[in-house]
>>> print(open('protein_0.txt').read())   # compact mmCIF, C-alpha atoms
# COMPACT_ATOMS: atom_id res chain seq x y z
CA MET A 1 20.57 18.99 8.36
CA TYR A 2 18.34 18.54 11.39
CA VAL A 3 15.07 18.70 9.47
CA MET A 4 13.19 15.76 10.96
CA ARG A 5 12.53 17.17 14.41
CA TYR A 6 11.16 20.40 12.91
CA VAL A 7 8.83 18.38 10.68
CA ILE A 8 7.57 16.46 13.72
CA LEU A 9 7.28 19.68 15.76
CA PHE A 10 5.15 21.08 12.95
CA PHE A 11 2.86 18.05 13.15
CA ILE A 12 2.65 18.36 16.95
CA ALA A 13 1.72 22.04 16.64
CA LEU A 14 -0.86 21.23 13.97
CA THR A 15 -2.40 18.46 16.13
CA ILE A 16 -2.68 20.81 19.10
CA ALA A 17 -4.15 23.58 16.94
CA ILE A 18 -6.75 21.35 15.27
CA GLU A 19 -7.62 18.79 17.94
CA GLY A 20 -6.27 20.14 21.24
CA ARG A 21 -9.30 22.12 22.37
CA GLN A 22 -11.80 19.35 21.54
CA LEU A 23 -9.65 16.69 23.22
CA VAL A 24 -9.40 18.68 26.45
CA ARG A 25 -13.12 19.58 26.37
CA ASP A 26 -14.18 15.93 25.92
CA ARG A 27 -11.79 14.75 28.67
CA ASP A 28 -11.27 11.56 26.68
CA TRP A 29 -8.09 10.50 28.50
CA LYS A 30 -7.67 7.30 26.53
CA LEU A 31 -7.62 9.22 23.26
CA ILE A 32 -5.33 11.91 24.70
CA GLY A 33 -2.98 9.15 25.91
CA ILE A 34 -2.83 7.48 22.48
CA VAL A 35 -2.29 10.81 20.68
CA SER A 36 0.51 11.74 23.12
CA LEU A 37 2.12 8.31 22.81
CA LEU A 38 2.14 8.46 19.00
CA LEU A 39 3.64 11.97 19.01
CA LEU A 40 6.21 10.99 21.63
CA ILE A 41 7.36 7.97 19.62
CA ALA A 42 7.49 10.12 16.46
CA MET A 43 9.63 12.73 18.24
CA ALA A 44 11.94 10.06 19.66
CA TYR A 45 12.47 8.60 16.18
CA ALA A 46 13.01 12.10 14.74
CA ILE A 47 15.80 12.80 17.26
CA ASN A 48 17.17 9.32 16.58
CA ALA A 49 17.30 10.15 12.85
CA ASP A 50 18.63 13.71 13.19
CA TYR A 51 21.54 12.79 15.47
CA ARG A 52 22.09 9.35 13.87
CA LEU A 53 21.85 7.75 17.30
CA HIS A 54 20.72 4.26 16.10
CA ILE A 55 19.26 3.57 19.56
CA LEU A 56 15.64 2.84 18.64
CA PRO A 57 14.66 -0.31 16.74
CA ASN A 58 14.53 0.25 13.01
CA VAL A 59 11.54 -1.24 11.13
CA ALA A 60 13.67 -2.27 8.14
CA ASP A 61 16.12 -4.07 10.47
CA LEU A 62 13.24 -5.89 12.17
CA ILE A 63 11.93 -7.09 8.81
CA SER A 64 15.47 -7.98 7.68
CA ILE A 65 15.40 -11.02 9.97
CA PHE A 66 13.61 -12.62 7.01
CA GLU A 67 16.54 -11.93 4.67
CA PRO A 68 18.14 -15.40 4.99
CA TRP A 69 14.75 -16.90 4.06
CA ALA A 70 14.57 -14.67 1.00
CA GLN A 71 18.12 -15.63 -0.05
CA GLN A 72 17.45 -19.36 0.30
CA PHE A 73 14.15 -18.96 -1.52
CA ASN A 74 15.81 -17.09 -4.41
CA GLN A 75 18.55 -19.70 -4.61
CA TYR A 76 16.10 -22.60 -4.67
CA PHE A 77 13.88 -20.99 -7.30
CA HIS A 78 16.83 -19.92 -9.53
CA LEU A 79 16.04 -16.23 -9.19
CA SER A 80 18.58 -13.63 -10.24
CA SER A 81 18.39 -10.73 -7.80
CA MET V 1 -17.28 13.46 8.02
CA ILE V 2 -18.75 11.36 5.19
CA ASN V 3 -18.56 7.79 6.50
CA ARG V 4 -20.53 5.79 3.94
CA MET V 5 -19.53 4.74 0.44
CA SER V 6 -20.91 2.54 -2.34
CA SER V 7 -19.59 -0.76 -3.68
CA GLN V 8 -18.89 1.01 -6.97
CA GLN V 9 -16.63 3.53 -5.22
CA LEU V 10 -14.82 0.75 -3.35
CA ALA V 11 -14.38 -1.13 -6.64
CA PHE V 12 -12.64 1.95 -8.10
CA LEU V 13 -10.41 2.11 -5.03
CA VAL V 14 -9.49 -1.56 -5.49
CA PHE V 15 -8.40 -0.73 -9.04
CA LEU V 16 -6.33 2.28 -7.92
CA LEU V 17 -4.70 0.36 -5.05
CA MET V 18 -3.77 -2.58 -7.27
CA LEU V 19 -2.05 -0.22 -9.70
CA GLY V 20 -0.56 1.82 -6.85
CA SER V 21 3.20 2.00 -7.03
CA ALA V 22 3.38 -1.55 -8.47
CA LEU V 23 2.44 -0.01 -11.82
CA ILE V 24 5.85 1.57 -12.37
CA TYR V 25 8.01 -0.82 -10.32
CA VAL V 26 7.15 -4.27 -11.87
CA PRO V 27 7.70 -6.31 -8.66
CA GLU V 28 7.90 -9.62 -10.57
CA SER V 29 10.75 -8.41 -12.82
CA MET V 30 13.19 -10.98 -11.42
CA THR V 31 11.33 -13.67 -13.39
CA ARG V 32 12.63 -11.95 -16.53
CA GLN V 33 10.58 -12.55 -19.72
CA ASP V 34 7.93 -14.54 -17.81
CA ALA V 35 7.04 -11.72 -15.42
CA TRP V 36 3.58 -11.45 -16.95
CA ILE V 37 2.83 -15.13 -16.19
CA SER V 38 3.95 -14.56 -12.58
CA SER V 39 1.69 -11.53 -12.39
CA LEU V 40 -1.26 -13.57 -13.64
CA LEU V 41 -0.64 -16.41 -11.16
CA ALA V 42 -0.11 -13.95 -8.31
CA SER V 43 -3.51 -12.39 -8.91
CA LEU V 44 -5.15 -15.64 -7.70
CA VAL V 45 -3.91 -14.91 -4.17
CA GLY V 46 -5.52 -11.46 -4.27
CA LEU V 47 -8.71 -13.00 -5.63
CA TYR V 48 -8.81 -15.45 -2.70
CA ILE V 49 -8.29 -12.64 -0.17
CA LEU V 50 -10.94 -10.50 -1.85
CA TRP V 51 -13.42 -13.41 -1.82
CA ALA V 52 -12.61 -14.15 1.84
CA ILE V 53 -13.12 -10.59 3.11
CA LEU V 54 -16.35 -10.22 1.13
CA PHE V 55 -17.60 -13.57 2.46
CA ILE V 56 -16.82 -12.53 6.06
CA GLN V 57 -18.50 -9.16 5.63
CA LYS V 58 -21.62 -10.57 3.98
CA LYS V 59 -22.03 -12.92 6.95
CA TYR V 60 -21.75 -10.02 9.42
CA PRO V 61 -22.83 -6.85 7.62
CA GLY V 62 -21.75 -3.58 9.19
CA ILE V 63 -19.42 -5.19 11.73
CA SER V 64 -15.70 -4.50 11.65
CA ILE V 65 -13.35 -7.41 10.92
CA PHE V 66 -11.49 -6.51 14.15
CA LYS V 67 -14.65 -7.12 16.17
CA ILE V 68 -15.48 -10.25 14.19
CA SER V 69 -11.98 -11.67 14.83
CA GLU V 70 -12.29 -11.05 18.58
CA VAL V 71 -15.62 -12.88 18.66
CA VAL V 72 -14.76 -15.84 16.45
CA LEU V 73 -11.13 -16.36 17.53
CA GLY V 74 -11.56 -15.44 21.19
CA ARG V 75 -10.81 -12.08 22.81
CA ILE V 76 -7.07 -12.56 23.46
CA THR V 77 -6.27 -14.44 20.22
CA GLY V 78 -8.35 -11.99 18.23
CA LYS V 79 -6.51 -9.04 19.81
CA ILE V 80 -3.12 -10.60 18.99
CA PHE V 81 -4.15 -11.21 15.37
CA ASN V 82 -5.51 -7.64 15.15
CA ALA V 83 -2.25 -6.25 16.58
CA PHE V 84 -0.27 -8.09 13.88
CA TYR V 85 -2.59 -6.68 11.26
CA VAL V 86 -2.18 -3.10 12.58
CA TRP V 87 1.59 -3.62 12.44
CA LEU V 88 1.27 -4.81 8.84
CA LEU V 89 -0.75 -1.71 7.91
CA ILE V 90 1.96 0.50 9.43
CA VAL V 91 4.70 -1.31 7.47
CA VAL V 92 2.83 -1.23 4.15
CA SER V 93 1.92 2.45 4.62
CA MET V 94 5.62 3.18 5.20
CA LEU V 95 6.61 1.28 2.06
CA TYR V 96 4.06 3.15 -0.06
CA LEU V 97 5.17 6.45 1.46
CA TYR V 98 8.78 5.74 0.61
CA ASP V 99 7.82 4.60 -2.91
CA ILE V 100 6.03 7.84 -3.74
CA ALA V 101 8.75 9.97 -2.12
CA ALA V 102 11.45 8.12 -4.09
CA PHE V 103 9.54 8.85 -7.26
CA LEU V 104 8.99 12.52 -6.35
CA MET V 105 12.76 12.73 -5.79
CA LEU V 106 13.13 12.51 -9.58
CA ILE V 107 11.23 15.79 -9.88
CA PHE V 108 12.44 17.51 -6.66
CA PRO V 109 15.97 16.14 -6.22
CA ASP V 110 17.03 18.81 -3.71
CA LEU V 111 14.18 18.36 -1.25
CA PRO V 112 14.86 16.16 1.80
CA TYR V 113 12.81 12.97 2.03
CA SER V 114 11.21 14.16 5.28
CA ILE V 115 9.67 17.18 3.53
CA LEU V 116 8.34 15.02 0.69
CA TYR V 117 6.84 12.59 3.21
CA ALA V 118 5.21 15.51 5.03
CA ILE V 119 3.73 17.02 1.85
CA VAL V 120 2.24 13.69 0.72
CA LEU V 121 0.84 12.83 4.15
CA LEU V 122 -0.61 16.30 4.76
CA LEU V 123 -2.47 15.97 1.48
CA ALA V 124 -3.73 12.53 2.49
CA ALA V 125 -4.57 13.76 6.01
CA TYR V 126 -6.80 16.45 4.50
CA LEU V 127 -8.79 13.70 2.75
CA LEU V 128 -9.00 11.65 5.93
CA TYR V 129 -10.42 14.61 7.85
CA GLN V 130 -13.31 14.64 5.36
CA GLY V 131 -14.07 10.96 6.07
CA PRO V 132 -13.69 7.65 4.18
CA GLY V 133 -16.54 8.59 1.82
CA ILE V 134 -14.34 11.30 0.31
CA ILE V 135 -11.64 8.75 -0.57
CA GLY V 136 -14.43 6.86 -2.35
CA ARG V 137 -15.34 10.00 -4.27
CA LEU V 138 -11.67 10.57 -5.08
CA GLY V 139 -11.55 7.08 -6.57
CA GLU V 140 -14.69 7.81 -8.57
CA SER V 141 -13.27 11.00 -10.02
CA LEU V 142 -9.82 9.60 -10.83
CA VAL V 143 -10.45 6.08 -12.05
CA PHE V 144 -11.37 6.80 -15.67
CA LEU V 145 -8.58 9.35 -16.10
CA THR V 146 -6.17 6.75 -14.69
CA LEU V 147 -7.49 4.02 -16.97
CA PHE V 148 -7.25 6.32 -19.99
CA LEU V 149 -3.65 7.35 -19.17
CA VAL V 150 -2.58 3.75 -18.46
CA LEU V 151 -4.00 2.45 -21.73
CA LEU V 152 -2.57 5.40 -23.65
CA GLY V 153 0.85 4.91 -22.05
CA LEU V 154 0.90 1.16 -22.66
CA GLY V 155 -0.29 1.69 -26.23
CA MET V 156 2.53 4.17 -26.83
CA THR V 157 5.21 1.85 -25.44
CA ALA V 158 3.97 -0.76 -27.93
CA THR V 159 5.52 1.40 -30.68
CA SER V 160 9.02 0.65 -29.37
CA ALA V 161 8.36 -2.94 -28.24
CA GLN V 162 10.56 -5.80 -29.40
CA TRP V 163 8.30 -8.82 -29.05
CA SER V 164 11.25 -11.24 -29.26
CA ASN V 165 12.19 -10.06 -25.73
CA LEU V 166 9.22 -12.09 -24.44
CA SER V 167 10.55 -15.44 -25.60
CA PRO V 168 11.25 -18.16 -24.66
CA VAL V 169 8.02 -18.51 -22.71
CA LEU V 170 8.12 -20.69 -19.57
CA SER V 171 11.66 -21.96 -20.15
CA ASP V 172 11.96 -22.60 -16.39
CA TRP V 173 8.87 -22.87 -14.14
CA LYS V 174 10.74 -22.30 -10.87
CA PRO V 175 11.42 -18.55 -11.24
CA VAL V 176 7.86 -18.05 -12.49
CA LEU V 177 6.48 -19.64 -9.34
CA ALA V 178 8.77 -17.55 -7.13
CA GLY V 179 7.82 -14.38 -9.02
CA ALA V 180 4.17 -15.26 -8.47
CA ILE V 181 4.80 -15.39 -4.71
CA TYR V 182 6.55 -11.99 -4.76
CA GLY V 183 3.80 -10.54 -6.96
CA ALA V 184 1.16 -12.01 -4.65
CA ASN V 185 2.48 -9.91 -1.79
CA TRP V 186 2.86 -6.70 -3.76
CA PRO V 187 0.33 -5.60 -4.89
CA TYR V 188 -2.34 -8.34 -4.90
CA ALA V 189 -2.48 -9.42 -1.22
CA GLU V 190 -2.76 -5.78 -0.19
CA VAL V 191 -6.41 -5.93 -1.19
CA SER V 192 -6.94 -7.24 2.38
CA ALA V 193 -6.78 -3.60 3.55
CA PHE V 194 -10.31 -3.20 2.18
CA ALA V 195 -11.63 -5.49 4.91
CA LEU V 196 -11.74 -2.37 7.09
CA PHE V 197 -13.69 -0.38 4.48
CA LEU V 198 -16.38 -3.03 3.90
CA PRO V 199 -18.56 -2.19 6.96
CA LEU V 200 -18.93 1.33 5.51
CA LEU V 201 -20.58 0.09 2.30
CA ASN V 202 -24.31 0.61 1.95
CA ASP V 203 -24.94 -1.82 -0.94
CA LEU V 204 -22.45 -4.66 -0.47
CA GLN V 205 -24.96 -7.53 -0.65
CA GLU V 206 -26.33 -6.50 -4.06
CA LYS V 207 -23.33 -4.99 -5.83
CA SER V 208 -20.25 -6.85 -4.62
CA HIS V 209 -19.69 -8.21 -8.16
CA LYS V 210 -18.46 -4.73 -9.18
CA ILE V 211 -15.52 -5.12 -6.81
CA TYR V 212 -14.47 -8.35 -8.57
CA ILE V 213 -14.88 -6.74 -12.00
CA TRP V 214 -12.55 -3.82 -11.17
CA TYR V 215 -10.08 -6.19 -9.53
CA LEU V 216 -9.95 -8.18 -12.77
CA ILE V 217 -9.50 -4.98 -14.81
CA ALA V 218 -6.53 -4.11 -12.57
CA VAL V 219 -5.06 -7.61 -13.11
CA ILE V 220 -5.36 -7.21 -16.89
CA VAL V 221 -3.66 -3.79 -16.74
CA LEU V 222 -0.80 -5.13 -14.58
CA VAL V 223 -0.27 -8.13 -16.86
CA LEU V 224 -0.27 -5.82 -19.90
CA ARG V 225 2.20 -3.56 -18.07
CA SER V 226 4.56 -6.50 -17.52
CA VAL V 227 4.29 -7.55 -21.17
CA MET V 228 4.95 -4.03 -22.49
CA VAL V 229 7.83 -3.23 -20.14
CA ILE V 230 9.66 -6.51 -20.82
CA ALA V 231 9.03 -6.19 -24.57
CA THR V 232 10.32 -2.61 -24.60
CA LEU V 233 13.27 -2.72 -22.20
CA GLY V 234 14.19 -6.39 -22.34
CA PRO V 235 14.42 -8.62 -19.23
CA GLU V 236 17.92 -7.46 -18.13
CA TYR V 237 17.29 -3.73 -18.19
CA THR V 238 13.85 -4.19 -16.60
CA GLN V 239 15.58 -5.83 -13.63
CA LEU V 240 18.18 -3.08 -13.38
CA SER V 241 15.80 -0.14 -13.73
CA ARG V 242 14.40 1.51 -10.61
CA PHE V 243 11.22 2.61 -12.46
CA PRO V 244 10.87 0.20 -15.42
CA LEU V 245 7.58 1.57 -16.86
CA PHE V 246 8.93 5.13 -16.61
CA SER V 247 12.12 4.02 -18.40
CA SER V 248 10.16 2.25 -21.13
CA MET V 249 8.16 5.42 -21.79
CA ARG V 250 11.40 7.37 -22.14
CA LEU V 251 12.12 5.32 -25.24
CA VAL V 252 8.90 6.49 -26.92
CA ARG V 253 9.56 9.10 -29.61
CA PHE V 254 7.26 10.58 -32.23
CA THR V 255 9.48 12.24 -34.86
CA HIS V 256 10.83 15.34 -32.99
CA PHE V 257 8.52 14.90 -30.02
CA GLN V 258 10.47 13.45 -27.06
CA ARG V 259 10.23 13.07 -23.23
CA VAL V 260 6.69 11.71 -23.61
CA GLU V 261 6.97 10.14 -20.13
CA LEU V 262 6.54 13.58 -18.55
CA PHE V 263 2.87 13.51 -19.55
CA PHE V 264 2.47 10.49 -17.32
CA ILE V 265 3.84 12.02 -14.11
CA LEU V 266 0.20 12.71 -13.25
CA LEU V 267 -0.60 9.01 -13.64
CA TRP V 268 2.26 7.91 -11.35
CA PHE V 269 1.22 10.46 -8.77
CA ILE V 270 -2.49 9.50 -8.88
CA THR V 271 -1.84 5.77 -8.43
CA GLY V 272 0.96 6.23 -5.87
CA PHE V 273 -1.02 8.77 -3.87
CA SER V 274 -4.23 6.70 -3.98
CA ALA V 275 -2.35 3.72 -2.54
CA ILE V 276 -0.94 5.71 0.36
CA ALA V 277 -4.31 7.41 1.03
CA ILE V 278 -6.12 4.03 1.08
CA PHE V 279 -3.59 2.45 3.45
CA TYR V 280 -3.52 5.53 5.67
CA GLN V 281 -7.33 5.40 5.87
CA SER V 282 -7.27 1.65 6.63
CA LEU V 283 -4.73 2.27 9.37
CA MET V 284 -6.97 4.91 10.92
CA LEU V 285 -10.03 2.61 10.82
CA ALA V 286 -7.88 -0.19 12.26
CA LEU V 287 -6.58 1.97 15.14
CA LYS V 288 -10.12 3.14 15.91
CA ASP V 289 -11.40 -0.45 16.13
CA PHE V 290 -8.28 -1.78 17.87
CA PHE V 291 -8.42 0.78 20.69
CA LYS V 292 -12.26 0.91 20.61
CA LEU V 293 -12.31 4.68 20.12
CA ARG V 294 -15.39 6.72 19.22
CA THR V 295 -13.44 8.59 16.50
CA TYR V 296 -10.07 8.31 14.77
CA ARG V 297 -9.95 12.03 13.88
CA PRO V 298 -7.42 13.12 16.57
CA LEU V 299 -5.07 10.28 15.49
CA ILE V 300 -4.74 11.41 11.86
CA LEU V 301 -1.83 13.85 12.29
CA PRO V 302 0.03 11.96 15.06
CA THR V 303 -0.03 8.81 12.91
CA ALA V 304 1.32 10.81 9.97
CA ALA V 305 4.14 12.10 12.19
CA LEU V 306 4.90 8.55 13.30
CA LEU V 307 4.98 7.24 9.71
CA ILE V 308 7.33 10.05 8.64
CA ALA V 309 9.71 9.45 11.54
CA LEU V 310 9.71 5.66 11.08
CA CYS V 311 10.28 6.02 7.33
CA GLN V 312 13.17 8.43 7.83
CA CYS V 313 14.88 6.07 10.28
CA SER V 314 14.20 2.87 8.38
CA PHE V 315 14.80 3.43 4.69
CA ALA V 316 18.06 5.14 3.93
CA ALA V 317 19.50 3.66 0.73
CA ASN V 318 17.37 3.92 -2.37
CA THR V 319 19.57 1.43 -4.24
CA THR V 320 18.91 -1.53 -1.94
CA PHE V 321 15.32 -0.60 -1.12
CA LEU V 322 13.61 -2.23 -4.12
CA GLN V 323 15.35 -5.55 -3.48
CA PHE V 324 14.24 -5.30 0.16
CA GLU V 325 10.67 -4.32 -0.74
CA THR V 326 10.11 -7.06 -3.31
CA SER V 327 11.87 -10.01 -1.73
CA VAL V 328 12.48 -9.65 2.04
CA VAL V 329 9.20 -7.89 2.85
CA THR V 330 7.25 -10.71 1.15
CA PHE V 331 8.30 -13.17 3.87
CA HIS V 332 7.06 -10.75 6.51
CA SER V 333 3.87 -9.44 4.93
CA LEU V 334 2.37 -12.21 2.80
CA PRO V 335 1.95 -14.63 5.75
CA ILE V 336 0.22 -11.93 7.82
CA HIS V 337 -2.17 -11.05 4.97
CA LEU V 338 -3.01 -14.71 4.36
CA ILE V 339 -3.05 -16.01 7.92
CA TYR V 340 -5.10 -13.10 9.28
CA VAL V 341 -7.82 -13.31 6.63
CA SER V 342 -7.86 -17.14 6.58
CA ALA V 343 -8.05 -17.42 10.38
CA VAL V 344 -11.01 -15.04 10.56
CA LEU V 345 -12.67 -16.83 7.62
CA LEU V 346 -12.22 -20.20 9.33
CA GLY V 347 -13.58 -18.78 12.57
CA VAL V 348 -16.60 -17.34 10.77
CA VAL V 349 -17.34 -20.65 9.05
CA ILE V 350 -17.21 -22.73 12.23
CA HIS V 351 -18.53 -20.14 14.70
CA PRO V 352 -22.26 -19.54 15.35
CA ARG V 353 -23.65 -16.30 13.98
CA LEU V 354 -22.76 -13.05 15.76
CA THR V 355 -25.62 -11.20 17.33
CA GLY V 356 -25.96 -7.48 17.98
CA SER V 357 -24.73 -4.56 15.91
CA GLY V 358 -21.20 -3.29 15.39
>>> encode(input="protein_0.txt", output="structure tokens")
Amino acid sequence: MYVMRYVILFFIALTIAIEGRQLVRDRDWKLIGIVSLLLLIAMAYAINADYRLHILPNVADLISIFEPWAQQFNQYFHLSS
Amino acid sequence: MINRMSSQQLAFLVFLLMLGSALIYVPESMTRQDAWISSLLASLVGLYILWAILFIQKKYPGISIFKISEVVLGRITGKIFNAFYVWLLIVVSMLYLYDIAAFLMLIFPDLPYSILYAIVLLLAAYLLYQGPGIIGRLGESLVFLTLFLVLLGLGMTATSAQWSNLSPVLSDWKPVLAGAIYGANWPYAEVSAFALFLPLLNDLQEKSHKIYIWYLIAVIVLVLRSVMVIATLGPEYTQLSRFPLFSSMRLVRFTHFQRVELFFILLWFITGFSAIAIFYQSLMLALKDFFKLRTYRPLILPTAALLIALCQCSFAANTTFLQFETSVVTFHSLPIHLIYVSAVLLGVVIHPRLTGSG
């Protein structure tokens, strides 16, 4: 089921419909840049998830570098996990 | 947009955030029958963070903590600290989003996670479009209903409690201490997110005591929750259960009247949704200050899209998630909460007073 990219496309369409005209009228390029960057990253992650590409860094994997600390901590403090 | 709120409204939001998803998950459950002691000890960390952010804000009323950190820690160091804090807000928002979606999965098992994420965030985005003041009003309108339902629910679980499950008390101090550290991260340290709301308050100097009062009410409720859940389910089943408070309410029966826990779906949704709405709002205020934007409005939907996509890629297995959220995430998040707030506090104490308005 390739649902993710359609969800993100829906959010892109909604952003353009609600904010697009005002953003272009104000010519606030910094804001337009940040909005585009956020949507681009979201779309990239959506494609990554839909096609199970595992190319982009995963937040849970980044945080998992602390797992050995957690294991040692649990062992020292006699915690049953 | 309604941008101002009162200390009373923020105090209600503190209460709702503290309950958040921690209400049904019991993060300190690994300390078994002493989970309530861990919860009580953990609350001291939240109290310190709350005191620190209020102290900082009273020194520099109306100025954002992001601006304060750049002044007192230096521009580059302040920016780096702020970037870490924005990252933390993204991670915690993702965790809360997954928590509420995992719970909604019980009711809508056939819906994909991405749709549940989208529904929850669209609802929260609608609030954010109205301004932070509306989240304050939401807190005001929901807090007493929440308190009533929590006390009713805990009172009802008392009917099936086995008090012997709570003994022996403090048989080993080590797990209690570790549980306190896990509990400190989730939910207590998350009170730091309110640092971004404080410049919006119009009566902080006079009525900040209300924020402490509602924090303490939340601590009492969470300690009571731990006591009731352990007494009802026992330490072993509490550890095994994905939603311990929900499971303990399933055991409540009044003669032929069963499935009482269904009455409390509203409670789980209110507290879970409030937590995600508060963190989503904090993230928006943080992005606005971090990038020095005049408004965060155009970022509301793109940030929601980003959170959905990151959540979908990051959290796949529900079975291992709780272990990850309670233990591993603590070593990532608790230091950021503590170091960020403490560094700015230290800077404020030793730095001469800021001049000019935020």
>>> interface_residues(input="protein_0.txt", of="chain V", to="chain A", cutoff="9 Å", atoms="all atoms listed in the file", output="PyMOL selection string")
chain V and resi 30-32+91+112+114-115+118+172-179+239+291+293+295-315+323-324+327-332
>>> residues_near_point(input="protein_0.txt", point="(-21.6, 7.3, -5.6)", cutoff="9 Å", atoms="all atoms listed in the file", output="list in words")
Met5, Ser6, Ser7, Gln8, Gln9, Gly136, Arg137 and Glu140 of chain V
>>> closest_residue(input="protein_0.txt", among="V:Val227, V:Tyr117, V:Gly133, V:Tyr215", to="V:Gly155", atoms="all atoms listed in the file")
V:Val227
>>> atom_distance(input="protein_0.txt", atom1="atom CA of V:Arg225", atom2="atom CA of V:Gln258")
20.9 Å
>>> atom_distance(input="protein_0.txt", atom1="atom CA of V:Ile230", atom2="atom CA of V:Gly183")
15.6 Å
>>> axis_aligned_box(input="protein_0.txt", around="stretch 58-72 of chain A", padding_each_side="6 Å", output="AutoDock Vina command-line options")
--center_x 14.8 --center_y -9.6 --center_z 6.5 --size_x 18.6 --size_y 31.6 --size_z 25.1
>>> residues_around(input="protein_0.txt", residues="V:Gln33", least_positions_apart="6", cutoff="10 Å", atoms="only C-alpha atoms", output="JSON, numbers by chain")
{"V": [164, 165, 166, 167, 168, 169, 170, 171, 176, 226, 227, 229, 230, 231, 234, 235, 236, 238]}
>>> closest_residue(input="protein_0.txt", among="V:Ile63, V:Val252, V:Ile2, V:Met156", to="V:Leu127", atoms="only C-alpha atoms")
V:Ile2
>>> closest_residue(input="protein_0.txt", among="V:Ser43, V:Gln281, V:Thr232, V:Thr159", to="V:Ala124", atoms="all atoms listed in the file")
V:Gln281
>>> atom_distance(input="protein_0.txt", atom1="atom CA of V:Gly139", atom2="atom CA of V:Leu196")
16.6 Å
>>> residues_around(input="protein_0.txt", residues="stretch 336-346 of chain V", least_positions_apart="4", cutoff="7 Å", atoms="all atoms listed in the file", output="PDB file with C-alpha atoms, keeping the file's coordinate frame")
ATOM      1  CA  ILE V  49      -8.290 -12.640  -0.170  1.00  0.00           C
ATOM      2  CA  ALA V  52     -12.610 -14.150   1.840  1.00  0.00           C
ATOM      3  CA  ILE V  53     -13.120 -10.590   3.110  1.00  0.00           C
ATOM      4  CA  ILE V  56     -16.820 -12.530   6.060  1.00  0.00           C
ATOM      5  CA  SER V  69     -11.980 -11.670  14.830  1.00  0.00           C
ATOM      6  CA  PHE V  81      -4.150 -11.210  15.370  1.00  0.00           C
ATOM      7  CA  TYR V  85      -2.590  -6.680  11.260  1.00  0.00           C
ATOM      8  CA  ALA V 189      -2.480  -9.420  -1.220  1.00  0.00           C
ATOM      9  CA  SER V 192      -6.940  -7.240   2.380  1.00  0.00           C
ATOM     10  CA  ILE V 350     -17.210 -22.730  12.230  1.00  0.00           C
TER      11      ILE V 350
END
>>> residues_around(input="protein_0.txt", residues="V:Val14", least_positions_apart="3", cutoff="10 Å", atoms="only C-alpha atoms", output="VMD selection string")
chain V and resid 8 to 11 17 to 20 50 139 188 190 to 191 193 to 194 211 to 218 274 to 275 278
>>> write_last_selection(input="protein_0.txt", atoms="C-alpha atoms", output="compact mmCIF listing (two decimals), in the frame of the given file")
# COMPACT_ATOMS: atom_id res chain seq x y z
CA GLN V 8 -18.89 1.01 -6.97
CA GLN V 9 -16.63 3.53 -5.22
CA LEU V 10 -14.82 0.75 -3.35
CA ALA V 11 -14.38 -1.13 -6.64
CA LEU V 17 -4.70 0.36 -5.05
CA MET V 18 -3.77 -2.58 -7.27
CA LEU V 19 -2.05 -0.22 -9.70
CA GLY V 20 -0.56 1.82 -6.85
CA LEU V 50 -10.94 -10.50 -1.85
CA GLY V 139 -11.55 7.08 -6.57
CA TYR V 188 -2.34 -8.34 -4.90
CA GLU V 190 -2.76 -5.78 -0.19
CA VAL V 191 -6.41 -5.93 -1.19
CA ALA V 193 -6.78 -3.60 3.55
CA PHE V 194 -10.31 -3.20 2.18
CA ILE V 211 -15.52 -5.12 -6.81
CA TYR V 212 -14.47 -8.35 -8.57
CA ILE V 213 -14.88 -6.74 -12.00
CA TRP V 214 -12.55 -3.82 -11.17
CA TYR V 215 -10.08 -6.19 -9.53
CA LEU V 216 -9.95 -8.18 -12.77
CA ILE V 217 -9.50 -4.98 -14.81
CA ALA V 218 -6.53 -4.11 -12.57
CA SER V 274 -4.23 6.70 -3.98
CA ALA V 275 -2.35 3.72 -2.54
CA ILE V 278 -6.12 4.03 1.08
>>> residues_around(input="protein_0.txt", residues="V:Thr326", least_positions_apart="4", cutoff="7 Å", atoms="all atoms listed in the file", output="PyMOL selection string")
chain V and resi 27+182+322+330
>>> residues_around(input="protein_0.txt", residues="V:Leu224", least_positions_apart="4", cutoff="8 Å", atoms="only C-alpha atoms", output="VMD selection string")
chain V and resid 36 154 220 228
>>> residues_near_point(input="protein_0.txt", point="(7.9, 13.3, -7.1)", cutoff="12 Å", atoms="only C-alpha atoms", output="JSON, numbers by chain")
{"V": [97, 98, 99, 100, 101, 102, 103, 104, 105, 106, 107, 108, 109, 110, 111, 112, 113, 115, 116, 117, 119, 120, 262, 264, 265, 266, 267, 268, 269, 270, 272, 273]}
